[in-house]
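Peer 1: Structure supplied as structure11.pdb; contents: PDB, C-alpha atoms.
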```pdb
ATOM      1  CA  MET A 248       0.197  -0.032 -10.102
ATOM      2  CA  LEU A 249       1.799   1.424 -13.226
ATOM      3  CA  ASN A 250      -0.963   3.965 -13.714
ATOM      4  CA  TYR A 251       0.440   5.748 -10.644
ATOM      5  CA  CYS A 252       4.098   5.842 -11.736
ATOM      6  CA  ARG A 253       4.512   4.898 -15.423
ATOM      7  CA  ALA A 254       5.859   8.281 -16.578
ATOM      8  CA  GLU A 255       8.398   8.474 -13.762
ATOM      9  CA  LEU A 256       9.556   4.913 -14.330
ATOM     10  CA  LEU A 257       9.988   5.459 -18.067
ATOM     11  CA  ASP A 258      12.085   8.542 -17.265
ATOM     12  CA  GLU A 259      14.179   6.405 -14.873
ATOM     13  CA  ASN A 260      13.146   8.796 -12.115
ATOM     14  CA  TYR A 261      13.185   6.068  -9.470
ATOM     15  CA  PHE A 262      12.675   8.354  -6.473
ATOM     16  CA  HIS A 263       9.419   9.748  -7.839
ATOM     17  CA  ALA A 264       8.296   6.420  -9.314
ATOM     18  CA  VAL A 265       8.472   4.852  -5.855
ATOM     19  CA  PHE A 266       6.911   7.889  -4.191
ATOM     20  CA  GLU A 267       3.982   7.991  -6.623
ATOM     21  CA  SER A 268       3.421   4.237  -6.415
ATOM     22  CA  THR A 269       3.222   4.324  -2.617
ATOM     23  CA  LYS A 270       0.859   7.304  -2.685
ATOM     24  CA  GLY A 271      -1.218   5.253  -5.116
ATOM     25  CA  VAL A 272      -1.593   2.459  -2.558
ATOM     26  CA  ALA A 273      -3.069   4.890  -0.039
ATOM     27  CA  GLU A 274      -5.365   6.395  -2.658
ATOM     28  CA  ARG A 275      -6.604   2.965  -3.692
ATOM     29  CA  ILE A 276      -7.342   1.962  -0.083
ATOM     30  CA  ARG A 277      -9.246   5.232   0.415
ATOM     31  CA  SER A 278     -11.229   4.593  -2.753
ATOM     32  CA  MET A 279     -12.034   1.010  -1.806
ATOM     33  CA  SER A 280     -12.892   1.765   1.822
ATOM     34  CA  GLY A 281     -14.692   5.068   1.406
ATOM     35  CA  LEU A 282     -12.507   6.607   4.125
ATOM     36  CA  THR A 283     -10.642   9.899   3.809
ATOM     37  CA  MET A 284      -7.891   9.420   6.399
ATOM     38  CA  ASP A 285      -4.306   8.460   5.599
ATOM     39  CA  GLY A 286      -1.386   6.304   6.688
ATOM     40  CA  ALA A 287      -1.577   3.993   9.672
ATOM     41  CA  GLU A 288      -4.973   5.353  10.715
ATOM     42  CA  LEU A 289      -6.417   4.495   7.287
ATOM     43  CA  VAL A 290      -4.881   1.023   7.250
ATOM     44  CA  ASN A 291      -5.779   0.115  10.824
ATOM     45  CA  ARG A 292      -9.398   1.195  10.382
ATOM     46  CA  THR A 293      -9.767  -0.480   6.990
ATOM     47  CA  PHE A 294      -8.112  -3.810   7.867
ATOM     48  CA  SER A 295      -9.086  -4.174  11.525
ATOM     49  CA  THR A 296      -9.885  -7.724  12.576
ATOM     50  CA  GLN A 297     -12.647  -6.557  14.937
ATOM     51  CA  ASN A 298     -14.710  -4.320  12.652
ATOM     52  CA  PRO A 299     -13.017  -4.315   9.235
ATOM     53  CA  ILE A 300     -14.113  -2.487   6.139
ATOM     54  CA  LEU A 301     -12.063  -4.695   3.794
ATOM     55  CA  VAL A 302     -11.069  -8.303   4.363
ATOM     56  CA  LEU A 303      -8.669 -10.711   2.704
ATOM     57  CA  GLY A 304     -10.794 -13.683   3.766
ATOM     58  CA  SER A 305     -13.593 -14.642   6.125
ATOM     59  CA  LEU A 306     -11.480 -14.086   9.269
ATOM     60  CA  ALA A 307     -12.978 -17.333  10.567
ATOM     61  CA  THR A 308      -9.659 -18.922  11.499
ATOM     62  CA  GLU A 309      -6.620 -17.708  13.377
ATOM     63  CA  SER A 310      -4.619 -18.024  10.161
ATOM     64  CA  GLU A 311      -7.017 -15.720   8.303
ATOM     65  CA  LYS A 312      -6.936 -13.224  11.173
ATOM     66  CA  SER A 313      -3.148 -13.427  11.212
ATOM     67  CA  GLU A 314      -2.976 -12.767   7.458
ATOM     68  CA  GLN A 315      -5.289  -9.747   7.850
ATOM     69  CA  LYS A 316      -3.117  -8.349  10.660
ATOM     70  CA  GLY A 317       0.084  -9.077   8.765
ATOM     71  CA  PHE A 318      -1.176  -7.331   5.652
ATOM     72  CA  ALA A 319      -2.096  -4.273   7.720
ATOM     73  CA  HIS A 320       1.382  -4.284   9.279
ATOM     74  CA  LEU A 321       2.948  -4.556   5.820
ATOM     75  CA  LEU A 322       0.966  -1.536   4.622
ATOM     76  CA  VAL A 323       1.839   0.516   7.699
ATOM     77  CA  GLY A 324       5.481  -0.453   7.168
ATOM     78  CA  LEU A 325       5.381   0.624   3.523
ATOM     79  CA  PHE A 326       4.032   4.031   4.499
ATOM     80  CA  GLY A 327       6.379   4.446   7.465
ATOM     81  CA  ALA A 328       9.565   3.162   5.859
ATOM     82  CA  VAL A 329       9.128   4.365   2.278
ATOM     83  CA  ARG A 330       6.363   6.857   1.553
ATOM     84  CA  ASN A 331       6.707   9.112   4.591
ATOM     85  CA  PRO A 332      10.492   9.570   4.401
ATOM     86  CA  LEU A 333      10.229  10.329   0.680
ATOM     87  CA  ALA A 334       7.495  12.863   1.374
ATOM     88  CA  HIS A 335       9.396  14.699   4.099
ATOM     89  CA  ALA A 336      12.981  14.758   2.865
ATOM     90  CA  PRO A 337      14.593  16.264  -0.212
ATOM     91  CA  LYS A 338      15.394  13.876  -3.033
ATOM     92  CA  THR A 339      19.115  14.489  -2.405
ATOM     93  CA  ASN A 340      18.735  12.949   1.075
ATOM     94  CA  TRP A 341      17.113   9.790  -0.304
ATOM     95  CA  PRO A 342      19.092   8.424  -3.246
ATOM     96  CA  MET A 343      16.977   5.772  -4.974
ATOM     97  CA  SER A 344      18.867   3.182  -6.944
ATOM     98  CA  GLU A 345      17.235   1.228  -9.726
ATOM     99  CA  GLN A 346      17.534  -1.971  -7.657
ATOM    100  CA  ASP A 347      15.907  -0.405  -4.586
ATOM    101  CA  ALA A 348      13.135   1.004  -6.754
ATOM    102  CA  LEU A 349      12.487  -2.370  -8.398
ATOM    103  CA  ASP A 350      12.361  -4.109  -5.021
ATOM    104  CA  ILE A 351       9.908  -1.565  -3.607
ATOM    105  CA  LEU A 352       7.793  -1.594  -6.774
ATOM    106  CA  THR A 353       7.632  -5.386  -6.554
ATOM    107  CA  LEU A 354       6.251  -5.063  -3.031
ATOM    108  CA  VAL A 355       3.745  -2.448  -4.202
ATOM    109  CA  SER A 356       2.692  -4.789  -7.011
ATOM    110  CA  LEU A 357       2.085  -7.596  -4.494
ATOM    111  CA  ILE A 358       0.017  -5.222  -2.357
ATOM    112  CA  HIS A 359      -2.138  -4.266  -5.354
ATOM    113  CA  ARG A 360      -2.714  -7.937  -6.218
ATOM    114  CA  LYS A 361      -3.830  -8.580  -2.643
ATOM    115  CA  LEU A 362      -6.092  -5.532  -2.794
ATOM    116  CA  ASP A 363      -7.590  -6.984  -5.989
ATOM    117  CA  ARG A 364      -8.781  -9.952  -3.928
ATOM    118  CA  THR A 365     -10.185  -8.071  -0.940
ATOM    119  CA  LEU A 366     -13.886  -7.954  -0.259
ATOM    120  CA  LYS A 367     -16.046  -5.461   1.565
ATOM    121  CA  ALA A 368     -16.546  -6.898   5.035
ATOM    122  CA  ASN A 369     -20.325  -6.806   4.792
ATOM    123  CA  THR A 370     -20.199  -9.004   1.652
ATOM    124  CA  ALA A 371     -17.747 -11.548   3.103
ATOM    125  CA  ALA A 372     -18.946 -14.379   5.283
ATOM    126  CA  LEU A 373     -17.661 -13.066   8.626
TER     127      LEU A 373
END
```
Could you write out this structure as structure tokens?
Peer 2:
Amino acid sequence: MLNYCRAELLDENYFHAVFESTKGVAERIRSMSGLTMDGAELVNRTFSTQNPILVLGSLATESEKSEQKGFAHLLVGLFGAVRNPLAHAPKTNWPMSEQDALDILTLVSLIHRKLDRTLKANTAAL
């Protein structure tokens, strides 16, 4: 995660550190999935439970399907609640405190750890 926002974080530029880290999530999903789309469309296509590109598990149980859906919802929420507003509003309209930045960066870190454990759907036992 830090490779996307290290310089901004070291400068205590929390707005841009968060913005860059969230853009990094989308870039990583594109890289892993081979898709070029963005946002909810990218997430929903990549983490579908019907014809996924990436999976968190085998999707054999309702719990595994629920986790896959929940992760997709979390990603869509990150883009909708954090990345998109930062991308479309001036920095002065979105003050970013250190605490807010740390909380969001913690979530982004969790997302990257989960992405570390995903498998291509054709290599998982679906």
Peer 1: Would you compute the distance between CA of Ala368 (chain A) and CA of Arg275 (chain A)? Give it in Å to one decimal.
Peer 2: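 Separating CA of Ala368 (chain A) from CA of Arg275 (chain A) is a distance of 16.5 Å.
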Peer 1: Between CA of Val265 (chain A) and CA of Glu311 (chain A), measure the distance and give it in Å to one decimal.
Peer 2: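 Value for the CA of Val265 (chain A)-CA of Glu311 (chain A) distance: 29.4 Å.
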Peer 1: Which residues are close to Leu282 (chain A), i.e. within 12 Å by only C-alpha atoms, leaving aside same-chain residues fewer than 4 positions away? Reply as a ChimeraX atom specification.
Peer 2: /A:273-278,286,288-294,300-301
Peer 1: Output C-alpha atoms of each residue in that selection to a file, as a PDB file, in the frame of the given file.
Peer 2:
```pdb
ATOM      1  CA  ALA A 273      -3.069   4.890  -0.039  1.00  0.00           C
ATOM      2  CA  GLU A 274      -5.365   6.395  -2.658  1.00  0.00           C
ATOM      3  CA  ARG A 275      -6.604   2.965  -3.692  1.00  0.00           C
ATOM      4  CA  ILE A 276      -7.342   1.962  -0.083  1.00  0.00           C
ATOM      5  CA  ARG A 277      -9.246   5.232   0.415  1.00  0.00           C
ATOM      6  CA  SER A 278     -11.229   4.593  -2.753  1.00  0.00           C
ATOM      7  CA  GLY A 286      -1.386   6.304   6.688  1.00  0.00           C
ATOM      8  CA  GLU A 288      -4.973   5.353  10.715  1.00  0.00           C
ATOM      9  CA  LEU A 289      -6.417   4.495   7.287  1.00  0.00           C
ATOM     10  CA  VAL A 290      -4.881   1.023   7.250  1.00  0.00           C
ATOM     11  CA  ASN A 291      -5.779   0.115  10.824  1.00  0.00           C
ATOM     12  CA  ARG A 292      -9.398   1.195  10.382  1.00  0.00           C
ATOM     13  CA  THR A 293      -9.767  -0.480   6.990  1.00  0.00           C
ATOM     14  CA  PHE A 294      -8.112  -3.810   7.867  1.00  0.00           C
ATOM     15  CA  ILE A 300     -14.113  -2.487   6.139  1.00  0.00           C
ATOM     16  CA  LEU A 301     -12.063  -4.695   3.794  1.00  0.00           C
TER      17      LEU A 301
END
```
Peer 1: Could you spell out the hits of the PyMOL selection byres ((chain A and resi 259-262) around 12) on the shown file, as a count of residues only?
Peer 2: 36
Peer 1: On this structure, the PyMOL selection byres ((chain A and resi 303) around 12) would catch which residues? List them as a VMD selection string, sorted by chain and number.
Peer 2: chain A and resid 293 to 296 299 to 302 304 to 307 310 to 319 358 360 to 368 370 to 373
Peer 1: Quick one: what's the axis-aligned box for region 320-339 of chain A, all listed atoms, 3 Å on every side, centre and edges in Å to one decimal, as AutoDock Vina command-line options?
Peer 2:
```
--center_x 10.0 --center_y 5.9 --center_z 3.1 --size_x 24.1 --size_y 26.8 --size_z 18.3
```
